[in-house]
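Colleague: Below you will find the structure I want to go over with you.
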4 protein chains.
Amino acid sequence: YGKNTIKFLRLHREGKKHFIKEVEVCTHLRLTSPQEYLEGNNSLVIPTDTIKNIVLVLAKKNGIPSLEQFAIDICSHFMTTFCQVAYVKTYVQEVPWQRLHENGVPHIHSFICVPDGIRFCEAEQCRNGPLVVFAGIKDLKLMKTTQSGFEGFYKNEHTTLPERHDRILCGELFCKWSYGECKDFDFDCIWNKIRECILEAFSGPPDCGEYSPSYQKTVNCIQMLVLSKVSQVQVIEVVLNNTFYNVLDMKNLGLTNDKEVLIPVEAPYGSCACTLGRK
Amino acid sequence: YGKNTIKFLRLHREGKKHFIKEVEVCTHLRLTSPQEYLEGNNSLVIPTDTIKNIVLVLAKKNGIPSLEQFAIDICSHFMTTFCQVAYVKTYVQEVPWQRLHENGVPHIHSFICVPDGIRFCEAEQCRNGPLVVFAGIKDLKLMKTTQSGFEGFYKNEHTTLPERHDRILCGELFCKWSYGECKDFDFDCIWNKIRECILEAFSGPPDCGEYSPSYQKTVNCIQMLVLSKVSQVQVIEVVLNNTFYNVLDMKNLGLTNDKEVLIPVEAPYGSCACTLGRK
Amino acid sequence: YGKNTIKFLRLHREGKKHFIKEVEVCTHLRLTSPQEYLEGNNSLVIPTDTIKNIVLVLAKKNGIPSLEQFAIDICSHFMTTFCQVAYVKTYVQEVPWQRLHENGVPHIHSFICVPDGIRFCEAEQCRNGPLVVFAGIKDLKLMKTTQSGFEGFYKNEHTTLPERHDRILCGELFCKWSYGECKDFDFDCIWNKIRECILEAFSGPPDCGEYSPSYQKTVNCIQMLVLSKVSQVQVIEVVLNNTFYNVLDMKNLGLTNDKEVLIPVEAPYGSCACTLGRK
Amino acid sequence: YGKNTIKFLRLHREGKKHFIKEVEVCTHLRLTSPQEYLEGNNSLVIPTDTIKNIVLVLAKKNGIPSLEQFAIDICSHFMTTFCQVAYVKTYVQEVPWQRLHENGVPHIHSFICVPDGIRFCEAEQCRNGPLVVFAGIKDLKLMKTTQSGFEGFYKNEHTTLPERHDRILCGELFCKWSYGECKDFDFDCIWNKIRECILEAFSGPPDCGEYSPSYQKTVNCIQMLVLSKVSQVQVIEVVLNNTFYNVLDMKNLGLTNDKEVLIPVEAPYGSCACTLGRK
């Protein structure tokens with residue numbers, strides 16, 4: 001049990017310059033005894049209202065140095081403070097505020113919301129077990145308008161899809177990775193580096209791109225690039241929900257459509273997921 | 001990988017009387033070889049477009065006798081037709097159309113959408129493993145305005161929640177259960193019986209209700225009643241996301257509010273989940 | 001300016017039996033002077049926080065005898081209390097809680113949320129003008145699986161739609177009507193009667209239905225029936241957003257699909273709207 | 001009546017470099033005769049399916065030079081082609097794809113979705129009337145963490161809001177403006193200029209900001225700046241839906257909260273709207 005979507009803004013001031021982190025936190029606990037379920041005995045139950053208070057107090061006292069550090073702090077607090085807690089998990093998601101710029105000059109206290117991929121992390125711990133930290137990005141929508149195809153697939157009497165060597169590849173990405181032993185990582189720096197890897201592996205070189213033979217292969221390319229460039233990542237999971245763009249047949253309207261007008265097909269949508277770790 | 005939200009309506013006619021099932025289907029596969037991820041070799045890949053076609057062909061040929069039977073049919077088809085499939089999972093969710101009634105008379109071909117709890121099911125199978133069937137209800141919102149409290153919980157310096165012996169209990173329920181060996185079950189009948197158990201365990205007798213000492217205990221009551229009354233259920237998972245109703249303090253407005261005006265607090269919200277099986 | 005989505009639950013007790021109304025209220029004002037916009041002079045501005053307080057105080061004092069009466073009370077309060085208010089509008093929407101029944105017996109304090117059409121109303125008044133009251137229903141989803149066609153329409157070189165005399169008619173209805181002079185209306189009774197008219201006009205007699213030659217004609221039938229049966233309605237607006245169900249062509253899958261498998265097309269969707277009043 | 005959310009991607013290639021516009025179009029018509037409503041006579045009705053085809057054919061033939069020009073083209077087509085059309089309105093909204101950059105180098109065919117304010121436009125025309133063009137931005141979320149207050153407002157017994165001279169100002173902006181006679185406007189350039197005006201008026205100079213005494217005054221500042229800097233704008237409407245950030249009282253948790261931890265209050269929310277034109 002636990003508390004979901006604890007939303008708050010943590011404002012930090014350095015002179016006249018303001019820094020913000022607005023987050024949503026979900027913290028869940030499992031207790032050592034199930035007596036509150038079986039007997040209605042609440043004596044060990046930490047109310048979800050108290051969970052919320054603790055999250056807010058930690059934010060006030062420690063600030064949010066990074067999402068990951070904040071999630072670690074919360075898990076540690078519950079493990080060390082409450083002996084009845086057998087397991088704790090904390091998820092933190094960031095509202096994507098970015099500092100406003102006017103003619104290139106950063107504004108000291110104004111921000112704009114730019115949701116081009118949402119950063120999140122998760123920390124979890126069993127009593128007597130290690131603290132495990134995950135981080136990730138979700139709702140990242142990318143498109144490439146060529147250098148993508150799908151050919152040579154398995155066919156039978158239910159196959160109606162034609163082979164294509166030049167199609168649009170468009171999808172929403174979810175990536176989540178785990179860190180090994182977390183000692184003094186610069187989580188912000190690593191997260192930004194992984195985001196760049198994702199964009200690079202998806203799109204290829206800026207002047208020519210790189211051919212993708214399937215969504216699956218693109219997922220794998222993203223994983224391979226992250227694992228090769230970011231040593232701190234142990235395991236990486238990628239889910240790619242794709243939107244198919246159908247080249248509209250305009251023959252009955254007297255027109256030839258050379259992939260100029262395409263209709264997005266939002267449902268049904270394909271999805272592929274893969275989890276890859278180091279040997 | 002797979003295809004999500006394959007939406008369609010299956011219309012069945014008996015004379016002038018029409019019967020409908022509108023569903024959303026998600027079907028996911030895992031292949032025996034990961035070569036499409038690693039090498040971009042698509043030769044074993046069943047396109048998600050083909051998955052969609054198969055789902056629609058099965059709907060056309062077999063109809064949808066029940067959501068569960070339809071999910072079973074889909075899984076069986078993939079397992080028996082494609083030797084490269086190592087695992088298949090199918091989720092089916094129903095659009096809650098109900099037949100319209102005029103002055104108590106059922107209409108032969110008109111329907112109204114009544115989303116008071118969404119029915120779904122899931123079937124999954126590993127090659128050489130058993131077919132496992134789950135069913136469930138989600139988005140079921142219930143409220144009781146008394147016979148609920150929360151007292152005797154653990155307290156420390158972060159506790160600000162007062163003890164209450166008369167509060168509103170309101171939440172959105174998710175219940176999912178697994179069946180044992182499925183032989184000739186009347187899935188529709190069982191599902192309706194379980195829905196009744198949930199409502200009964202949540203609310204208690206109509207003339208007096210039954211006191212709930214916590215969300216956790218209510219979750220447990222639901223599970224116990226279902227397990228005791230429905231022998232086909234092996235394991236039942238219940239998640240209760242609660243909405244807290246705050247009794248508005250109107251003292252500074254010169255009024256005494258005897259739990260007459262309450263403000264729903266949608267975020268953050270508490271959540272409790274429990275999975276219970278038979279011995 | 002004003003306050004939107006003021007959400008609260010009004011609980012009323014008669015002995016052990018509980019009655020609830022959960023609503024969302026939006027109240028907007030226009031002041032006689034725009035000085036707060038032009039000069040930043042707030043001296044006449046009633047804060048939106050105060051607007052919220054007033055709505056809650058009125059709910060506490062008067063209860064919610066009907067949505068419409070509550071909206072009227074709010075408008076009257078602002079008009080009579082604040083001479084700087086030039087115009088006030090209040091919208092009230094109900095959360096569709098229904099009393100739970102167990103084996104036909106109504107429960108004294110348990111409720112289930114059944115969103116099969118949301119009831120709302122609106123009251124507005126200009127200083128020195130009449131109080132105008134609207135009521136309505138929205139998000140009402142209906143379907144009929146036959147007795148609908150669309151033929152004889154205008155054709156040119158951009159027409160690809162075939163004529164059809166037997167199609168599915170499915171849509172989401174929005175209906176809003178105005179009352180004339182409101183004196184002691186039983187708003188609940190009228191609302192229920194209008195809802196029945198809408199269902200009847202949409203679906204026709206239960207044993208055979210009634211043919212609809214177009215969405216437009218169905219909209220008009222609804223309006224005509226309401227105006228003929230409910231004398232208190234002065235003007236009625238109906239918007240019907242339709243979902244097209246495409247009969248899937250299964251020829252390339254070797255099957256004949258006699259309108260048994262249909263695919264809902266959610267975007268783009270057609271829409272037709274009409275406002276009709278009495279002479 | 002009409003067709004809503006006609007979604008498509010228009011792909012334009014210049015050598016190996018690709019340019020995209022993905023849009024949602026809604027086109028509505030009113031016919032000269034209401035016979036389809038009253039008599040079910042469809043002979044003048046242009047099916048919404050044909051409306052969709054026309055929008056797609058125009059996109060194919062003309063491309064989308066700008067959203068506004070595309071909306072104008074659609075309106076003109078309906079007015080000149082169909083004498084039974086009395087009124088036409090077209091709304092066009094853009095999916096916010098941006099070209100990907102790798103180390104500052106623009107990618108020739110890869111894009112990322114960045115929804116930091118959605119661009120839209122609207123064109124409408126009555127037969128024998130002028131073509132009127134609107135443009136706008138919506139879903140633009142901005143925050144400033146100081147230089148905002150609300151003081152000197154009207155008080156009575158229902159006032160509980162304290163005066164504040166340093167609060168957070170956060171809201172979602174909707175701006176829509178009309179153009180006068182549209183002759184060879186560079187709509188893209190004007191739109192970008194107006195977006196900059198909005199950001200500047202909201203936030204003030206980057207090194208110090210500018211004090212806002214109310215949401216209303218901020219709305220007015222935005223309008224005044226746009227009208228003064230962009231001569232093509234005739235009338236500008238601004239709606240600001242604000243999110244209140246409540247400074248959490250942590251006294252009962254033993255802490256002093258100097259506006260460091262703030263809780264966003266999403267419901268109810270205040271809203272202010274103003275429409276301003278030139279003399």
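Every chain in the structure tokens has a letter given in the order shown (A, B, ...), and although residue numbers restart at 1 in each chain, ligands are simply numbered from 1 in the order shown.
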Do me a favour and pick out the residues of chain A within 8 Å of chain C, using only C-alpha atoms, as a list in words.
Modeller: Glu157, His158, Thr160, Asn252 and Leu253 of chain A
Colleague: Go ahead and save the picked residues with N, CA, C and O atoms, as a compact mmCIF listing (two decimals), in the first residue's frame.
Modeller:
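Final output, saved to part.txt:
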# COMPACT_ATOMS: atom_id res chain seq x y z
N GLU A 157 -1.51 -17.29 -44.78
CA GLU A 157 -2.77 -16.88 -45.40
C GLU A 157 -3.40 -15.67 -44.72
O GLU A 157 -4.31 -15.05 -45.26
N HIS A 158 -2.92 -15.32 -43.53
CA HIS A 158 -3.47 -14.15 -42.83
C HIS A 158 -2.62 -12.90 -43.03
O HIS A 158 -2.86 -11.88 -42.39
N THR A 160 -1.55 -9.70 -44.89
CA THR A 160 -1.99 -8.75 -45.93
C THR A 160 -1.03 -7.57 -46.03
O THR A 160 -1.16 -6.76 -46.94
N ASN A 252 -8.76 6.76 -56.46
CA ASN A 252 -10.17 7.02 -56.74
C ASN A 252 -10.50 8.50 -56.64
O ASN A 252 -11.62 8.93 -56.93
N LEU A 253 -9.54 9.31 -56.23
CA LEU A 253 -9.71 10.77 -56.27
C LEU A 253 -8.89 11.36 -57.43
O LEU A 253 -8.71 12.57 -57.53
Colleague: Contacts of Phe185 of chain B at 12 Å or less, counting only C-alpha atoms, minus same-chain residues fewer than 4 places along, as a ChimeraX atom specification?
Modeller: /B:65-66,68-69,133,179-181,189-191,230-233
Colleague: Could you write out, as a ChimeraX atom specification, all the residues of segment 35-273 of chain D that DSSP marks as alpha helix (DSSP H)?
Modeller: /D:35-38,48-62,67-81,187-203,215-229
Colleague: Which residues are near Gln125 of chain C? Cut-off 10 Å, only C-alpha atoms, ignore same chain within fewer than 6 positions. Put them as an MDAnalysis selection string.
Modeller: chainID C and resid 29 72 75:76 78:79 86:90 131:133
Colleague: Just to confirm, what's the straight-line distance from atom CA of Gly117 of chain A to atom CA of Gly171 of chain A in Å (one decimal)?
Modeller: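 Separation between atom CA of Gly117 of chain A and atom CA of Gly171 of chain A: 12.2 Å.
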Colleague: In terms of the shortest atom-to-atom distance over only C-alpha atoms, which of C:Val45, C:Leu276, C:Val25, C:Leu11 is closest to Tyr215 of chain D?
Modeller: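 Checking each of C:Val45, C:Leu276, C:Val25, C:Leu11 against Tyr215 of chain D, counting only C-alpha atoms, the winner is C:Val45.
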Colleague: Rounded to one decimal place, report the atom CA of Asp73 of chain A-atom CA of Gln98 of chain A distance in Å.
Modeller: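 So the answer is 24.7 Å.
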Colleague: Just list the residues in segment 16-131 of chain C DSSP gives strand (DSSP E) on the backbone, as a CSV table (one decimal) with N, CA and C atoms, in the first residue's frame.
Modeller:
chain,number,residue,atom,x,y,z
C,17,LYS,N,-30.6,6.9,6.7
C,17,LYS,CA,-30.5,6.9,5.2
C,17,LYS,C,-29.8,8.1,4.7
C,18,HIS,N,-28.8,7.9,3.9
C,18,HIS,CA,-28.0,9.0,3.4
C,18,HIS,C,-28.3,9.3,1.9
C,19,PHE,N,-28.3,10.6,1.6
C,19,PHE,CA,-28.5,11.1,0.2
C,19,PHE,C,-27.3,11.9,-0.2
C,20,ILE,N,-26.8,11.7,-1.4
C,20,ILE,CA,-25.6,12.5,-1.8
C,20,ILE,C,-25.8,13.2,-3.1
C,21,LYS,N,-25.1,14.3,-3.2
C,21,LYS,CA,-24.9,15.0,-4.5
C,21,LYS,C,-23.5,15.4,-4.6
C,22,GLU,N,-22.7,14.9,-5.5
C,22,GLU,CA,-21.4,15.4,-5.7
C,22,GLU,C,-21.4,16.2,-7.0
C,23,VAL,N,-20.9,17.4,-7.0
C,23,VAL,CA,-21.0,18.3,-8.1
C,23,VAL,C,-19.6,19.0,-8.4
C,24,GLU,N,-19.6,19.5,-9.6
C,24,GLU,CA,-18.5,20.4,-10.0
C,24,GLU,C,-19.2,21.7,-10.4
C,25,VAL,N,-18.7,22.8,-9.8
C,25,VAL,CA,-19.3,24.1,-10.1
C,25,VAL,C,-18.3,25.0,-10.7
C,26,CYS,N,-18.7,25.7,-11.7
C,26,CYS,CA,-17.9,26.8,-12.3
C,26,CYS,C,-18.7,28.1,-12.2
C,27,THR,N,-18.2,29.1,-11.6
C,27,THR,CA,-18.9,30.4,-11.5
C,27,THR,C,-18.0,31.5,-12.1
C,28,HIS,N,-18.6,32.2,-13.0
C,28,HIS,CA,-17.8,33.3,-13.7
C,28,HIS,C,-18.6,34.6,-13.5
C,29,LEU,N,-17.8,35.7,-13.4
C,29,LEU,CA,-18.3,37.0,-13.2
C,29,LEU,C,-17.8,38.0,-14.2
C,30,ARG,N,-18.5,39.0,-14.5
C,30,ARG,CA,-18.0,40.2,-15.2
C,30,ARG,C,-18.3,41.4,-14.4
C,31,LEU,N,-17.3,42.2,-14.1
C,31,LEU,CA,-17.6,43.4,-13.3
C,31,LEU,C,-18.0,44.6,-14.1
C,85,VAL,N,-21.0,43.6,-9.7
C,85,VAL,CA,-21.1,42.4,-10.6
C,85,VAL,C,-22.1,42.8,-11.7
C,86,ALA,N,-21.6,42.8,-13.0
C,86,ALA,CA,-22.5,43.1,-14.1
C,86,ALA,C,-23.1,41.9,-14.7
C,87,TYR,N,-22.5,40.8,-14.5
C,87,TYR,CA,-23.0,39.5,-15.1
C,87,TYR,C,-22.4,38.3,-14.3
C,88,VAL,N,-23.3,37.3,-14.1
C,88,VAL,CA,-22.8,36.1,-13.4
C,88,VAL,C,-23.4,34.9,-14.2
C,89,LYS,N,-22.5,33.9,-14.3
C,89,LYS,CA,-22.9,32.6,-14.9
C,89,LYS,C,-22.4,31.5,-14.0
C,90,THR,N,-23.3,30.5,-13.8
C,90,THR,CA,-22.9,29.3,-13.0
C,90,THR,C,-23.2,28.1,-13.7
C,91,TYR,N,-22.3,27.2,-13.8
C,91,TYR,CA,-22.4,25.9,-14.4
C,91,TYR,C,-22.3,24.8,-13.3
C,92,VAL,N,-23.2,23.9,-13.3
C,92,VAL,CA,-23.1,22.8,-12.3
C,92,VAL,C,-23.3,21.5,-13.0
C,93,GLN,N,-22.4,20.6,-12.7
C,93,GLN,CA,-22.3,19.2,-13.3
C,93,GLN,C,-22.3,18.2,-12.2
C,94,GLU,N,-23.0,17.1,-12.4
C,94,GLU,CA,-23.2,16.1,-11.3
C,94,GLU,C,-22.3,14.9,-11.6
C,97,TRP,N,-23.3,9.4,-9.3
C,97,TRP,CA,-23.5,8.4,-8.3
C,97,TRP,C,-25.0,7.9,-8.3
C,98,GLN,N,-25.1,6.5,-8.2
C,98,GLN,CA,-26.4,5.9,-8.0
C,98,GLN,C,-26.4,5.1,-6.7
C,99,ARG,N,-27.5,5.0,-6.1
C,99,ARG,CA,-27.6,4.2,-4.9
C,99,ARG,C,-27.4,2.7,-5.3
C,100,LEU,N,-26.6,2.0,-4.5
C,100,LEU,CA,-26.5,0.6,-4.7
C,100,LEU,C,-27.7,-0.2,-4.3
C,101,HIS,N,-28.0,-1.3,-5.0
C,101,HIS,CA,-29.1,-2.2,-4.7
C,101,HIS,C,-28.5,-3.6,-4.5
C,102,GLU,N,-29.0,-4.2,-3.4
C,102,GLU,CA,-28.6,-5.7,-3.3
C,102,GLU,C,-29.9,-6.5,-3.4
C,105,VAL,N,-32.9,-4.5,-3.1
C,105,VAL,CA,-33.1,-3.6,-1.9
C,105,VAL,C,-32.1,-2.5,-1.9
C,106,PRO,N,-32.6,-1.2,-1.9
C,106,PRO,CA,-31.7,-0.1,-1.9
C,106,PRO,C,-30.9,0.0,-0.6
C,107,HIS,N,-29.6,0.3,-0.8
C,107,HIS,CA,-28.7,0.4,0.3
C,107,HIS,C,-28.8,1.8,1.0
C,108,ILE,N,-28.7,1.8,2.3
C,108,ILE,CA,-28.9,3.1,2.9
C,108,ILE,C,-27.8,4.1,2.8
C,109,HIS,N,-26.6,3.6,2.5
C,109,HIS,CA,-25.4,4.6,2.4
C,109,HIS,C,-24.3,4.2,1.5
C,110,SER,N,-24.6,3.3,0.5
C,110,SER,CA,-23.6,2.9,-0.5
C,110,SER,C,-24.1,3.2,-1.9
C,111,PHE,N,-23.1,3.7,-2.7
C,111,PHE,CA,-23.3,4.2,-4.0
C,111,PHE,C,-22.3,3.7,-5.0
C,112,ILE,N,-22.7,3.7,-6.3
C,112,ILE,CA,-21.9,3.3,-7.4
C,112,ILE,C,-21.9,4.4,-8.4
C,113,CYS,N,-20.8,4.6,-9.1
C,113,CYS,CA,-20.7,5.6,-10.1
C,113,CYS,C,-21.1,5.0,-11.4
C,118,ILE,N,-24.1,12.5,-18.4
C,118,ILE,CA,-23.8,13.4,-17.3
C,118,ILE,C,-24.8,14.5,-17.3
C,119,ARG,N,-25.4,14.7,-16.2
C,119,ARG,CA,-26.4,15.8,-16.0
C,119,ARG,C,-25.7,17.1,-15.7
C,120,PHE,N,-26.1,18.2,-16.3
C,120,PHE,CA,-25.5,19.5,-16.0
C,120,PHE,C,-26.6,20.6,-16.1
C,121,CYS,N,-26.3,21.8,-15.6
C,121,CYS,CA,-27.2,22.9,-15.9
C,121,CYS,C,-26.4,24.2,-15.8
C,122,GLU,N,-27.0,25.3,-16.2
C,122,GLU,CA,-26.3,26.5,-16.3
C,122,GLU,C,-27.3,27.6,-16.0
C,123,ALA,N,-26.9,28.6,-15.2
C,123,ALA,CA,-27.8,29.7,-15.0
C,123,ALA,C,-27.0,31.0,-15.2
C,124,GLU,N,-27.6,32.0,-15.8
C,124,GLU,CA,-26.9,33.2,-16.1
C,124,GLU,C,-27.8,34.4,-16.0
C,125,GLN,N,-27.2,35.5,-15.6
C,125,GLN,CA,-28.0,36.7,-15.4
C,125,GLN,C,-27.1,38.0,-15.6
C,126,CYS,N,-27.6,38.9,-16.4
C,126,CYS,CA,-27.1,40.2,-16.5
C,126,CYS,C,-27.8,41.1,-15.5
C,131,LEU,N,-33.1,36.1,-15.3
C,131,LEU,CA,-32.3,34.9,-15.0
C,131,LEU,C,-32.7,33.9,-16.0
Colleague: Would you work out the distance separating atom CA of Cys221 of chain D from atom CA of Phe202 of chain D, expressed in Å to one decimal?
Modeller: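 Taking atom CA of Cys221 of chain D as the start and atom CA of Phe202 of chain D as the end point, the length is 7.7 Å.
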Colleague: Given only C-alpha atoms as the basis, pick out the residue of A:Val55, A:Glu36, A:Thr81, A:Cys272 nearest to Gln216 of chain B.
Modeller: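 The answer is A:Glu36, which sits nearest to Gln216 of chain B.
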